[in-house]
$ cat final25.pdb   # PDB, C-alpha atoms and all ligand atoms
MODEL        1
ATOM      1  CA  MET A   1     138.952  80.627 113.966  1.00  0.00           C
ATOM      2  CA  LYS A   2     135.385  81.859 113.737  1.00  0.00           C
ATOM      3  CA  GLN A   3     133.214  79.569 111.618  1.00  0.00           C
ATOM      4  CA  ILE A   4     130.081  80.592 109.820  1.00  0.00           C
ATOM      5  CA  VAL A   5     127.811  78.748 107.407  1.00  0.00           C
ATOM      6  CA  PHE A   6     126.749  80.344 104.125  1.00  0.00           C
ATOM      7  CA  ALA A   7     123.465  78.561 103.296  1.00  0.00           C
ATOM      8  CA  THR A   8     124.397  77.924  99.665  1.00  0.00           C
ATOM      9  CA  ASN A   9     126.275  75.505  97.426  1.00  0.00           C
ATOM     10  CA  ASN A  10     126.799  78.135  94.741  1.00  0.00           C
ATOM     11  CA  ALA A  11     130.554  77.851  94.139  1.00  0.00           C
ATOM     12  CA  HIS A  12     130.804  81.321  92.639  1.00  0.00           C
ATOM     13  CA  LYS A  13     129.212  83.008  95.665  1.00  0.00           C
ATOM     14  CA  LEU A  14     131.366  80.963  98.057  1.00  0.00           C
ATOM     15  CA  ASP A  15     134.599  81.820  96.246  1.00  0.00           C
ATOM     16  CA  GLU A  16     133.698  85.483  96.194  1.00  0.00           C
ATOM     17  CA  ILE A  17     133.076  85.766  99.930  1.00  0.00           C
ATOM     18  CA  ARG A  18     135.999  83.524 100.891  1.00  0.00           C
ATOM     19  CA  GLN A  19     138.318  85.765  98.904  1.00  0.00           C
ATOM     20  CA  ILE A  20     137.031  88.842 100.705  1.00  0.00           C
ATOM     21  CA  VAL A  21     137.208  87.501 104.264  1.00  0.00           C
ATOM     22  CA  GLY A  22     140.546  85.719 103.687  1.00  0.00           C
ATOM     23  CA  ASP A  23     141.866  83.677 106.605  1.00  0.00           C
ATOM     24  CA  SER A  24     140.035  85.611 109.281  1.00  0.00           C
ATOM     25  CA  ILE A  25     136.763  83.660 109.126  1.00  0.00           C
ATOM     26  CA  GLN A  26     136.071  80.137 107.872  1.00  0.00           C
ATOM     27  CA  VAL A  27     133.020  80.229 105.611  1.00  0.00           C
ATOM     28  CA  LEU A  28     131.390  76.788 105.297  1.00  0.00           C
ATOM     29  CA  SER A  29     128.996  75.728 102.547  1.00  0.00           C
ATOM     30  CA  LEU A  30     125.962  73.444 102.949  1.00  0.00           C
ATOM     31  CA  ALA A  31     128.081  70.608 101.511  1.00  0.00           C
ATOM     32  CA  ASP A  32     130.776  71.299 104.140  1.00  0.00           C
ATOM     33  CA  ILE A  33     128.254  70.655 106.938  1.00  0.00           C
ATOM     34  CA  ASP A  34     126.733  67.650 105.102  1.00  0.00           C
ATOM     35  CA  CYS A  35     123.398  69.335 104.612  1.00  0.00           C
ATOM     36  CA  ASN A  36     121.567  67.923 101.592  1.00  0.00           C
ATOM     37  CA  ASP A  37     118.141  69.111 102.664  1.00  0.00           C
ATOM     38  CA  ASP A  38     115.778  70.842 100.306  1.00  0.00           C
ATOM     39  CA  ILE A  39     115.623  74.022 102.392  1.00  0.00           C
ATOM     40  CA  PRO A  40     112.248  75.767 102.128  1.00  0.00           C
ATOM     41  CA  GLU A  41     112.195  79.044 100.238  1.00  0.00           C
ATOM     42  CA  ASP A  42     108.490  79.791 100.160  1.00  0.00           C
ATOM     43  CA  ALA A  43     108.201  83.290 101.605  1.00  0.00           C
ATOM     44  CA  ASP A  44     106.777  86.064  99.432  1.00  0.00           C
ATOM     45  CA  THR A  45     109.541  88.578 100.146  1.00  0.00           C
ATOM     46  CA  LEU A  46     113.329  88.539  99.686  1.00  0.00           C
ATOM     47  CA  ASP A  47     113.799  89.274 103.394  1.00  0.00           C
ATOM     48  CA  GLY A  48     111.483  86.404 104.311  1.00  0.00           C
ATOM     49  CA  ASN A  49     113.290  83.881 102.120  1.00  0.00           C
ATOM     50  CA  ALA A  50     116.750  84.915 103.275  1.00  0.00           C
ATOM     51  CA  LEU A  51     115.652  84.569 106.887  1.00  0.00           C
ATOM     52  CA  ILE A  52     113.912  81.191 106.424  1.00  0.00           C
ATOM     53  CA  LYS A  53     117.075  79.655 104.990  1.00  0.00           C
ATOM     54  CA  ALA A  54     119.390  81.050 107.670  1.00  0.00           C
ATOM     55  CA  GLN A  55     116.961  80.105 110.450  1.00  0.00           C
ATOM     56  CA  TYR A  56     116.669  76.547 109.138  1.00  0.00           C
ATOM     57  CA  ILE A  57     120.428  75.975 109.355  1.00  0.00           C
ATOM     58  CA  HIS A  58     120.743  77.757 112.665  1.00  0.00           C
ATOM     59  CA  ASP A  59     117.935  75.689 114.220  1.00  0.00           C
ATOM     60  CA  LYS A  60     119.120  72.346 112.844  1.00  0.00           C
ATOM     61  CA  TYR A  61     122.892  72.695 113.274  1.00  0.00           C
ATOM     62  CA  GLY A  62     123.196  75.333 115.998  1.00  0.00           C
ATOM     63  CA  MET A  63     125.738  77.258 113.933  1.00  0.00           C
ATOM     64  CA  ASP A  64     125.995  80.920 113.043  1.00  0.00           C
ATOM     65  CA  CYS A  65     124.743  81.271 109.522  1.00  0.00           C
ATOM     66  CA  PHE A  66     123.849  83.674 106.738  1.00  0.00           C
ATOM     67  CA  SER A  67     121.803  83.346 103.603  1.00  0.00           C
ATOM     68  CA  ASP A  68     121.024  85.572 100.636  1.00  0.00           C
ATOM     69  CA  ASP A  69     118.108  86.117  98.315  1.00  0.00           C
ATOM     70  CA  THR A  70     118.056  88.306  95.206  1.00  0.00           C
ATOM     71  CA  GLY A  71     115.329  89.607  92.936  1.00  0.00           C
ATOM     72  CA  LEU A  72     114.933  91.832  89.892  1.00  0.00           C
ATOM     73  CA  GLU A  73     112.213  94.422  90.582  1.00  0.00           C
ATOM     74  CA  ILE A  74     110.703  96.023  87.468  1.00  0.00           C
ATOM     75  CA  ASP A  75     108.586  99.090  88.191  1.00  0.00           C
ATOM     76  CA  ALA A  76     106.304  98.789  85.128  1.00  0.00           C
ATOM     77  CA  LEU A  77     105.468  95.208  86.224  1.00  0.00           C
ATOM     78  CA  GLY A  78     104.566  96.188  89.782  1.00  0.00           C
ATOM     79  CA  GLY A  79     107.879  94.875  91.162  1.00  0.00           C
ATOM     80  CA  GLU A  80     107.840  91.549  89.264  1.00  0.00           C
ATOM     81  CA  PRO A  81     109.621  89.173  88.960  1.00  0.00           C
ATOM     82  CA  GLY A  82     110.967  90.041  92.449  1.00  0.00           C
ATOM     83  CA  VAL A  83     111.050  87.043  94.731  1.00  0.00           C
ATOM     84  CA  TYR A  84     110.077  84.815  91.756  1.00  0.00           C
ATOM     85  CA  SER A  85     113.094  85.858  89.632  1.00  0.00           C
ATOM     86  CA  ALA A  86     114.647  82.371  89.405  1.00  0.00           C
ATOM     87  CA  ARG A  87     111.516  80.749  87.972  1.00  0.00           C
ATOM     88  CA  TYR A  88     109.615  83.628  86.346  1.00  0.00           C
ATOM     89  CA  GLY A  89     109.433  81.887  82.943  1.00  0.00           C
ATOM     90  CA  GLY A  90     108.012  78.734  84.534  1.00  0.00           C
ATOM     91  CA  VAL A  91     111.175  76.620  84.719  1.00  0.00           C
ATOM     92  CA  ALA A  92     113.621  77.161  87.595  1.00  0.00           C
ATOM     93  CA  HIS A  93     116.906  78.799  86.560  1.00  0.00           C
ATOM     94  CA  ASP A  94     116.040  78.969  82.835  1.00  0.00           C
ATOM     95  CA  SER A  95     117.436  82.443  82.150  1.00  0.00           C
ATOM     96  CA  GLU A  96     116.426  82.536  78.485  1.00  0.00           C
ATOM     97  CA  ARG A  97     112.784  81.872  79.301  1.00  0.00           C
ATOM     98  CA  ASN A  98     112.902  84.346  82.185  1.00  0.00           C
ATOM     99  CA  MET A  99     114.250  87.096  79.918  1.00  0.00           C
ATOM    100  CA  ASP A 100     111.781  86.234  77.131  1.00  0.00           C
ATOM    101  CA  LYS A 101     108.891  86.673  79.561  1.00  0.00           C
ATOM    102  CA  VAL A 102     110.174  90.015  80.832  1.00  0.00           C
ATOM    103  CA  LEU A 103     110.761  91.329  77.294  1.00  0.00           C
ATOM    104  CA  ALA A 104     107.300  90.185  76.148  1.00  0.00           C
ATOM    105  CA  LYS A 105     105.584  91.813  79.121  1.00  0.00           C
ATOM    106  CA  LEU A 106     107.459  95.078  78.530  1.00  0.00           C
ATOM    107  CA  GLU A 107     106.788  95.202  74.802  1.00  0.00           C
ATOM    108  CA  GLY A 108     105.846  98.745  73.789  1.00  0.00           C
ATOM    109  CA  VAL A 109     106.844 100.234  77.170  1.00  0.00           C
ATOM    110  CA  PRO A 110     109.072 103.294  76.510  1.00  0.00           C
ATOM    111  CA  MET A 111     112.623 103.355  77.906  1.00  0.00           C
ATOM    112  CA  GLU A 112     111.916 105.981  80.553  1.00  0.00           C
ATOM    113  CA  GLN A 113     109.324 103.631  82.079  1.00  0.00           C
ATOM    114  CA  ARG A 114     111.547 100.545  81.973  1.00  0.00           C
ATOM    115  CA  THR A 115     113.179 101.305  85.322  1.00  0.00           C
ATOM    116  CA  ALA A 116     114.249  98.395  87.507  1.00  0.00           C
ATOM    117  CA  ARG A 117     116.616  97.379  90.244  1.00  0.00           C
ATOM    118  CA  PHE A 118     118.376  94.280  91.468  1.00  0.00           C
ATOM    119  CA  ARG A 119     118.040  93.911  95.218  1.00  0.00           C
ATOM    120  CA  THR A 120     119.882  91.442  97.448  1.00  0.00           C
ATOM    121  CA  VAL A 121     119.014  90.781 101.064  1.00  0.00           C
ATOM    122  CA  ILE A 122     121.407  88.877 103.320  1.00  0.00           C
ATOM    123  CA  ALA A 123     120.094  87.569 106.651  1.00  0.00           C
ATOM    124  CA  LEU A 124     122.714  86.771 109.302  1.00  0.00           C
ATOM    125  CA  ILE A 125     121.997  84.849 112.495  1.00  0.00           C
ATOM    126  CA  GLU A 126     124.680  84.999 115.168  1.00  0.00           C
ATOM    127  CA  GLY A 127     123.591  83.425 118.436  1.00  0.00           C
ATOM    128  CA  ASP A 128     120.174  84.940 119.095  1.00  0.00           C
ATOM    129  CA  THR A 129     120.751  88.009 116.960  1.00  0.00           C
ATOM    130  CA  VAL A 130     119.352  88.474 113.464  1.00  0.00           C
ATOM    131  CA  THR A 131     120.830  91.199 111.249  1.00  0.00           C
ATOM    132  CA  THR A 132     119.911  91.932 107.642  1.00  0.00           C
ATOM    133  CA  PHE A 133     121.977  93.696 104.983  1.00  0.00           C
ATOM    134  CA  GLU A 134     120.630  95.081 101.710  1.00  0.00           C
ATOM    135  CA  GLY A 135     122.338  95.959  98.438  1.00  0.00           C
ATOM    136  CA  LYS A 136     120.671  97.604  95.429  1.00  0.00           C
ATOM    137  CA  VAL A 137     121.572  98.732  91.941  1.00  0.00           C
ATOM    138  CA  GLU A 138     119.201 100.867  89.848  1.00  0.00           C
ATOM    139  CA  GLY A 139     118.920 100.515  86.090  1.00  0.00           C
ATOM    140  CA  HIS A 140     116.767  99.967  82.999  1.00  0.00           C
ATOM    141  CA  ILE A 141     115.509  96.899  81.140  1.00  0.00           C
ATOM    142  CA  LEU A 142     116.582  97.104  77.490  1.00  0.00           C
ATOM    143  CA  THR A 143     114.429  95.871  74.587  1.00  0.00           C
ATOM    144  CA  GLU A 144     116.900  93.135  73.601  1.00  0.00           C
ATOM    145  CA  ARG A 145     119.870  91.192  74.977  1.00  0.00           C
ATOM    146  CA  HIS A 146     123.376  92.717  74.933  1.00  0.00           C
ATOM    147  CA  GLY A 147     126.525  90.857  76.006  1.00  0.00           C
ATOM    148  CA  THR A 148     127.393  87.326  77.035  1.00  0.00           C
ATOM    149  CA  GLU A 149     129.080  87.664  80.443  1.00  0.00           C
ATOM    150  CA  GLY A 150     127.414  87.038  83.791  1.00  0.00           C
ATOM    151  CA  PHE A 151     124.193  85.085  84.242  1.00  0.00           C
ATOM    152  CA  GLY A 152     120.461  85.418  84.826  1.00  0.00           C
ATOM    153  CA  TYR A 153     118.988  88.708  83.606  1.00  0.00           C
ATOM    154  CA  ASP A 154     122.399  90.355  83.035  1.00  0.00           C
ATOM    155  CA  PRO A 155     122.017  90.730  79.208  1.00  0.00           C
ATOM    156  CA  ILE A 156     118.893  92.913  79.543  1.00  0.00           C
ATOM    157  CA  PHE A 157     119.846  94.956  82.645  1.00  0.00           C
ATOM    158  CA  GLN A 158     121.657  98.254  82.092  1.00  0.00           C
ATOM    159  CA  PRO A 159     122.859  99.731  85.410  1.00  0.00           C
ATOM    160  CA  ASN A 160     122.441 103.528  85.412  1.00  0.00           C
ATOM    161  CA  GLU A 161     125.780 104.331  86.975  1.00  0.00           C
ATOM    162  CA  ALA A 162     127.936 102.443  84.430  1.00  0.00           C
ATOM    163  CA  GLY A 163     126.978 104.782  81.589  1.00  0.00           C
ATOM    164  CA  GLY A 164     125.852 102.339  78.875  1.00  0.00           C
ATOM    165  CA  PRO A 165     126.827  98.658  79.093  1.00  0.00           C
ATOM    166  CA  THR A 166     124.585  95.919  80.440  1.00  0.00           C
ATOM    167  CA  PHE A 167     125.869  93.726  83.270  1.00  0.00           C
ATOM    168  CA  ALA A 168     126.555  91.094  80.584  1.00  0.00           C
ATOM    169  CA  GLU A 169     128.941  93.514  78.826  1.00  0.00           C
ATOM    170  CA  MET A 170     131.007  94.146  81.963  1.00  0.00           C
ATOM    171  CA  THR A 171     133.811  92.109  83.538  1.00  0.00           C
ATOM    172  CA  ALA A 172     133.002  90.330  86.779  1.00  0.00           C
ATOM    173  CA  GLN A 173     135.158  92.870  88.588  1.00  0.00           C
ATOM    174  CA  GLN A 174     133.304  95.848  87.074  1.00  0.00           C
ATOM    175  CA  LYS A 175     129.949  94.266  87.893  1.00  0.00           C
ATOM    176  CA  ASN A 176     130.866  93.305  91.474  1.00  0.00           C
ATOM    177  CA  ALA A 177     131.985  96.870  92.211  1.00  0.00           C
ATOM    178  CA  ILE A 178     128.455  98.235  91.723  1.00  0.00           C
ATOM    179  CA  SER A 179     126.201  95.187  91.977  1.00  0.00           C
ATOM    180  CA  HIS A 180     123.407  94.502  94.442  1.00  0.00           C
ATOM    181  CA  ARG A 181     125.183  91.387  95.745  1.00  0.00           C
ATOM    182  CA  GLY A 182     128.580  93.128  95.892  1.00  0.00           C
ATOM    183  CA  ARG A 183     127.063  95.900  97.999  1.00  0.00           C
ATOM    184  CA  ALA A 184     125.150  93.612 100.357  1.00  0.00           C
ATOM    185  CA  THR A 185     128.218  91.387 100.742  1.00  0.00           C
ATOM    186  CA  ALA A 186     130.457  94.374 101.530  1.00  0.00           C
ATOM    187  CA  LYS A 187     128.092  95.350 104.375  1.00  0.00           C
ATOM    188  CA  LEU A 188     128.043  91.782 105.712  1.00  0.00           C
ATOM    189  CA  VAL A 189     131.835  91.473 105.594  1.00  0.00           C
ATOM    190  CA  ALA A 190     132.348  94.838 107.320  1.00  0.00           C
ATOM    191  CA  HIS A 191     130.043  93.605 110.089  1.00  0.00           C
ATOM    192  CA  LEU A 192     131.741  90.203 110.411  1.00  0.00           C
ATOM    193  CA  LEU A 193     135.275  91.578 110.376  1.00  0.00           C
ATOM    194  CA  GLY A 194     134.351  94.408 112.710  1.00  0.00           C
ATOM    195  CA  ALA A 195     132.755  91.996 115.176  1.00  0.00           C
ATOM    196  CA  ARG A 196     135.668  89.575 115.393  1.00  0.00           C
TER     197      ARG A 196
HETATM  198  P1  LIG B 201     119.470  84.094  94.001  1.00  0.00           P
HETATM  199  O1  LIG B 201     118.593  84.488  95.154  1.00  0.00           O
HETATM  200  O2  LIG B 201     120.861  84.645  94.118  1.00  0.00           O
HETATM  201  O3  LIG B 201     119.446  82.610  93.728  1.00  0.00           O
HETATM  202  O4  LIG B 201     118.863  84.810  92.697  1.00  0.00           O
HETATM  203  C1  LIG B 201     117.553  84.516  92.222  1.00  0.00           C
HETATM  204  C2  LIG B 201     117.478  84.783  90.727  1.00  0.00           C
HETATM  205  O5  LIG B 201     117.666  86.174  90.473  1.00  0.00           O
HETATM  206  C3  LIG B 201     118.544  84.076  89.900  1.00  0.00           C
HETATM  207  O6  LIG B 201     118.130  82.780  89.536  1.00  0.00           O
HETATM  208  C4  LIG B 201     118.654  84.995  88.688  1.00  0.00           C
HETATM  209  O7  LIG B 201     117.613  84.720  87.762  1.00  0.00           O
HETATM  210  C5  LIG B 201     118.404  86.369  89.282  1.00  0.00           C
HETATM  211  N1  LIG B 201     119.684  87.018  89.628  1.00  0.00           N
HETATM  212  C6  LIG B 201     120.264  87.080  90.851  1.00  0.00           C
HETATM  213  N2  LIG B 201     121.410  87.765  90.803  1.00  0.00           N
HETATM  214  C7  LIG B 201     121.563  88.156  89.508  1.00  0.00           C
HETATM  215  C8  LIG B 201     122.582  88.901  88.840  1.00  0.00           C
HETATM  216  O8  LIG B 201     123.591  89.339  89.401  1.00  0.00           O
HETATM  217  N3  LIG B 201     122.382  89.097  87.522  1.00  0.00           N
HETATM  218  C9  LIG B 201     121.300  88.627  86.849  1.00  0.00           C
HETATM  219  N4  LIG B 201     120.340  87.912  87.423  1.00  0.00           N
HETATM  220  C10 LIG B 201     120.470  87.685  88.751  1.00  0.00           C
ENDMDL
END

$ encode --input "final25.pdb" --output "structure tokens"
Amino acid sequence: MKQIVFATNNAHKLDEIRQIVGDSIQVLSLADIDCNDDIPEDADTLDGNALIKAQYIHDKYGMDCFSDDTGLEIDALGGEPGVYSARYGGVAHDSERNMDKVLAKLEGVPMEQRTARFRTVIALIEGDTVTTFEGKVEGHILTERHGTEGFGYDPIFQPNEAGGPTFAEMTAQQKNAISHRGRATAKLVAHLLGAR
């Protein structure tokens, strides 16, 4: 069976992709290959970070590998928080602080100028070949939080195509069907399954 490393230990992301690829490909986590390294993630673009992580595993373990990086790009903030989305509020993975900072910076900005998108880039290294896949979802940043599902910036992000709810007011299934990560992952899986 083809084996491929997903350079993450995020159980949710691993479950999601394992469910999609089924038995056809064995997707290994960093824990599965005994990698406890603090993998660098210091590029200033999503593409750069995704590639650094995949390249690190490929170079060290000689295995085919993919890695993802996601950012929220807010037009009125010149594309911020972008590649700094996880630690925008100053503390890594503190979603409340991250949302507080976004809402404070957008105070007084009218709804039509609160446009934003989530963008995911997946970098795949197979042998000597690098391929990237992108997924995007366009939306608006609301003035306050709505909903309790999901994670990260979900309570303040209203995807245009869903007609009203924020990501945090949708089921995981509804969100995955239109989300940045769902779309990038679908492209990756089509490539992997097609190339078997
Ligand atoms: P990562 O590259 O998947 O680790 O995402 C970086 C950061 O972007 C996360 O820490 C979250 O703050 C934010 N983020 C990524 N995906 C989502 C999402 O689906 N909803 C809300 N926030 C997200």

$ atom_distance --input "final25.pdb" --atom1 "CA of His146 in chain A" --atom2 "CA of Met170 in chain A"
10.5 Å

$ closest_residue --input "final25.pdb" --among "A:Ile141, A:Ile39, A:Ala190, A:Leu30" --to "Thr166 in chain A" --atoms "all atoms listed in the file"
A:Ile141

$ residues_around --input "final25.pdb" --residues "Asp37 in chain A" --least-positions-apart "6" --cutoff "12 Å" --atoms "all atoms listed in the file" --output "PyMOL selection string"
chain A and resi 7-9+30-31+53+56-57+60

$ residues_near_ligand --input "final25.pdb" --ligand "ligand LIG 201 (chain B)" --cutoff "10 Å" --atoms "only C-alpha atoms and all ligand atoms" --output "PyMOL selection string"
chain A and resi 8+10+13+41+46+49-50+67-73+81-89+92-96+98-99+118-122+137+149-157+167-168+172+175-176+179-182

$ write_last_selection --input "final25.pdb" --atoms "C-alpha atoms" --output "compact mmCIF listing (two decimals), in the frame of the given file"
# COMPACT_ATOMS: atom_id res chain seq x y z
CA THR A 8 124.40 77.92 99.66
CA ASN A 10 126.80 78.14 94.74
CA LYS A 13 129.21 83.01 95.66
CA GLU A 41 112.20 79.04 100.24
CA LEU A 46 113.33 88.54 99.69
CA ASN A 49 113.29 83.88 102.12
CA ALA A 50 116.75 84.92 103.28
CA SER A 67 121.80 83.35 103.60
CA ASP A 68 121.02 85.57 100.64
CA ASP A 69 118.11 86.12 98.32
CA THR A 70 118.06 88.31 95.21
CA GLY A 71 115.33 89.61 92.94
CA LEU A 72 114.93 91.83 89.89
CA GLU A 73 112.21 94.42 90.58
CA PRO A 81 109.62 89.17 88.96
CA GLY A 82 110.97 90.04 92.45
CA VAL A 83 111.05 87.04 94.73
CA TYR A 84 110.08 84.82 91.76
CA SER A 85 113.09 85.86 89.63
CA ALA A 86 114.65 82.37 89.40
CA ARG A 87 111.52 80.75 87.97
CA TYR A 88 109.62 83.63 86.35
CA GLY A 89 109.43 81.89 82.94
CA ALA A 92 113.62 77.16 87.60
CA HIS A 93 116.91 78.80 86.56
CA ASP A 94 116.04 78.97 82.84
CA SER A 95 117.44 82.44 82.15
CA GLU A 96 116.43 82.54 78.48
CA ASN A 98 112.90 84.35 82.18
CA MET A 99 114.25 87.10 79.92
CA PHE A 118 118.38 94.28 91.47
CA ARG A 119 118.04 93.91 95.22
CA THR A 120 119.88 91.44 97.45
CA VAL A 121 119.01 90.78 101.06
CA ILE A 122 121.41 88.88 103.32
CA VAL A 137 121.57 98.73 91.94
CA GLU A 149 129.08 87.66 80.44
CA GLY A 150 127.41 87.04 83.79
CA PHE A 151 124.19 85.08 84.24
CA GLY A 152 120.46 85.42 84.83
CA TYR A 153 118.99 88.71 83.61
CA ASP A 154 122.40 90.36 83.04
CA PRO A 155 122.02 90.73 79.21
CA ILE A 156 118.89 92.91 79.54
CA PHE A 157 119.85 94.96 82.64
CA PHE A 167 125.87 93.73 83.27
CA ALA A 168 126.56 91.09 80.58
CA ALA A 172 133.00 90.33 86.78
CA LYS A 175 129.95 94.27 87.89
CA ASN A 176 130.87 93.30 91.47
CA SER A 179 126.20 95.19 91.98
CA HIS A 180 123.41 94.50 94.44
CA ARG A 181 125.18 91.39 95.74
CA GLY A 182 128.58 93.13 95.89

$ resolve_selection --input "final25.pdb" --expression "the PyMOL selection byres (((chain A and resi 18) around 12) and not hetatm)" --output "JSON list (two decimals) with C-alpha atoms, in the coordinates of the input"
[["chain", "number", "residue", "atom", "x", "y", "z"],
["A", 3, "GLN", "CA", 133.21, 79.57, 111.62],
["A", 4, "ILE", "CA", 130.08, 80.59, 109.82],
["A", 5, "VAL", "CA", 127.81, 78.75, 107.41],
["A", 6, "PHE", "CA", 126.75, 80.34, 104.12],
["A", 11, "ALA", "CA", 130.55, 77.85, 94.14],
["A", 12, "HIS", "CA", 130.80, 81.32, 92.64],
["A", 13, "LYS", "CA", 129.21, 83.01, 95.66],
["A", 14, "LEU", "CA", 131.37, 80.96, 98.06],
["A", 15, "ASP", "CA", 134.60, 81.82, 96.25],
["A", 16, "GLU", "CA", 133.70, 85.48, 96.19],
["A", 17, "ILE", "CA", 133.08, 85.77, 99.93],
["A", 19, "GLN", "CA", 138.32, 85.76, 98.90],
["A", 20, "ILE", "CA", 137.03, 88.84, 100.70],
["A", 21, "VAL", "CA", 137.21, 87.50, 104.26],
["A", 22, "GLY", "CA", 140.55, 85.72, 103.69],
["A", 23, "ASP", "CA", 141.87, 83.68, 106.60],
["A", 24, "SER", "CA", 140.04, 85.61, 109.28],
["A", 25, "ILE", "CA", 136.76, 83.66, 109.13],
["A", 26, "GLN", "CA", 136.07, 80.14, 107.87],
["A", 27, "VAL", "CA", 133.02, 80.23, 105.61],
["A", 28, "LEU", "CA", 131.39, 76.79, 105.30],
["A", 29, "SER", "CA", 129.00, 75.73, 102.55],
["A", 185, "THR", "CA", 128.22, 91.39, 100.74],
["A", 189, "VAL", "CA", 131.84, 91.47, 105.59]]

$ closest_residue --input "final25.pdb" --among "A:Gly147, A:Gly90, A:Gly79, A:Gly62" --to "Arg117 in chain A" --atoms "only C-alpha atoms"
A:Gly79

$ atom_distance --input "final25.pdb" --atom1 "CA of Arg145 in chain A" --atom2 "CA of Gln174 in chain A"
18.7 Å

$ atom_distance --input "final25.pdb" --atom1 "CA of Asp38 in chain A" --atom2 "CA of Gln55 in chain A"
13.8 Å

$ axis_aligned_box --input "final25.pdb" --around "range 145-164 of chain A" --padding-each-side "4 Å" --output "AutoDock Vina command-line options"
--center_x 124.0 --center_y 94.9 --center_z 81.0 --size_x 18.2 --size_y 27.7 --size_z 20.0

$ resolve_selection --input "final25.pdb" --expression "the PyMOL selection byres (((chain A and resi 159) around 7) and not hetatm)" --output "list in words"
Val137, Glu138, Gly139, His140, Phe157, Gln158, Asn160, Glu161, Ala162 and Thr166 of chain A

$ closest_residue --input "final25.pdb" --among "A:Pro165, A:Ala76, A:Glu134, A:Asp59" --to "Leu103 in chain A" --atoms "all atoms listed in the file"
A:Ala76

$ build_atoms --input "final25.pdb" --residues "range 5-16 of chain A" --atoms "N, CA, C and O atoms" --output "PDB file, in the coordinates of the input"
ATOM      1  N   VAL A   5     128.345  79.471 108.566  1.00  0.00           N
ATOM      2  CA  VAL A   5     127.811  78.748 107.407  1.00  0.00           C
ATOM      3  C   VAL A   5     127.159  79.736 106.451  1.00  0.00           C
ATOM      4  O   VAL A   5     126.406  80.607 106.879  1.00  0.00           O
ATOM      5  N   PHE A   6     127.463  79.613 105.174  1.00  0.00           N
ATOM      6  CA  PHE A   6     126.749  80.344 104.125  1.00  0.00           C
ATOM      7  C   PHE A   6     125.774  79.321 103.528  1.00  0.00           C
ATOM      8  O   PHE A   6     126.212  78.316 102.958  1.00  0.00           O
ATOM      9  N   ALA A   7     124.477  79.548 103.707  1.00  0.00           N
ATOM     10  CA  ALA A   7     123.465  78.561 103.296  1.00  0.00           C
ATOM     11  C   ALA A   7     123.325  78.529 101.780  1.00  0.00           C
ATOM     12  O   ALA A   7     122.315  78.923 101.205  1.00  0.00           O
ATOM     13  N   THR A   8     124.385  78.040 101.125  1.00  0.00           N
ATOM     14  CA  THR A   8     124.397  77.924  99.665  1.00  0.00           C
ATOM     15  C   THR A   8     125.386  76.837  99.262  1.00  0.00           C
ATOM     16  O   THR A   8     126.269  76.493 100.037  1.00  0.00           O
ATOM     17  N   ASN A   9     125.232  76.334  98.037  1.00  0.00           N
ATOM     18  CA  ASN A   9     126.275  75.505  97.426  1.00  0.00           C
ATOM     19  C   ASN A   9     126.739  76.145  96.129  1.00  0.00           C
ATOM     20  O   ASN A   9     127.383  75.501  95.311  1.00  0.00           O
ATOM     21  N   ASN A  10     126.394  77.415  95.952  1.00  0.00           N
ATOM     22  CA  ASN A  10     126.799  78.135  94.741  1.00  0.00           C
ATOM     23  C   ASN A  10     128.299  78.462  94.851  1.00  0.00           C
ATOM     24  O   ASN A  10     128.720  79.300  95.654  1.00  0.00           O
ATOM     25  N   ALA A  11     129.096  77.759  94.027  1.00  0.00           N
ATOM     26  CA  ALA A  11     130.554  77.851  94.139  1.00  0.00           C
ATOM     27  C   ALA A  11     131.044  79.279  93.895  1.00  0.00           C
ATOM     28  O   ALA A  11     131.979  79.748  94.552  1.00  0.00           O
ATOM     29  N   HIS A  12     130.376  79.965  92.973  1.00  0.00           N
ATOM     30  CA  HIS A  12     130.804  81.321  92.639  1.00  0.00           C
ATOM     31  C   HIS A  12     130.625  82.253  93.847  1.00  0.00           C
ATOM     32  O   HIS A  12     131.509  83.038  94.189  1.00  0.00           O
ATOM     33  N   LYS A  13     129.465  82.152  94.493  1.00  0.00           N
ATOM     34  CA  LYS A  13     129.212  83.008  95.665  1.00  0.00           C
ATOM     35  C   LYS A  13     130.170  82.675  96.810  1.00  0.00           C
ATOM     36  O   LYS A  13     130.648  83.557  97.519  1.00  0.00           O
ATOM     37  N   LEU A  14     130.457  81.370  96.977  1.00  0.00           N
ATOM     38  CA  LEU A  14     131.366  80.963  98.057  1.00  0.00           C
ATOM     39  C   LEU A  14     132.779  81.490  97.820  1.00  0.00           C
ATOM     40  O   LEU A  14     133.405  82.052  98.723  1.00  0.00           O
ATOM     41  N   ASP A  15     133.248  81.334  96.585  1.00  0.00           N
ATOM     42  CA  ASP A  15     134.599  81.820  96.246  1.00  0.00           C
ATOM     43  C   ASP A  15     134.714  83.307  96.526  1.00  0.00           C
ATOM     44  O   ASP A  15     135.686  83.782  97.092  1.00  0.00           O
ATOM     45  N   GLU A  16     133.679  84.023  96.074  1.00  0.00           N
ATOM     46  CA  GLU A  16     133.698  85.483  96.194  1.00  0.00           C
ATOM     47  C   GLU A  16     133.846  85.897  97.662  1.00  0.00           C
ATOM     48  O   GLU A  16     134.718  86.687  98.006  1.00  0.00           O
TER      49      GLU A  16
END
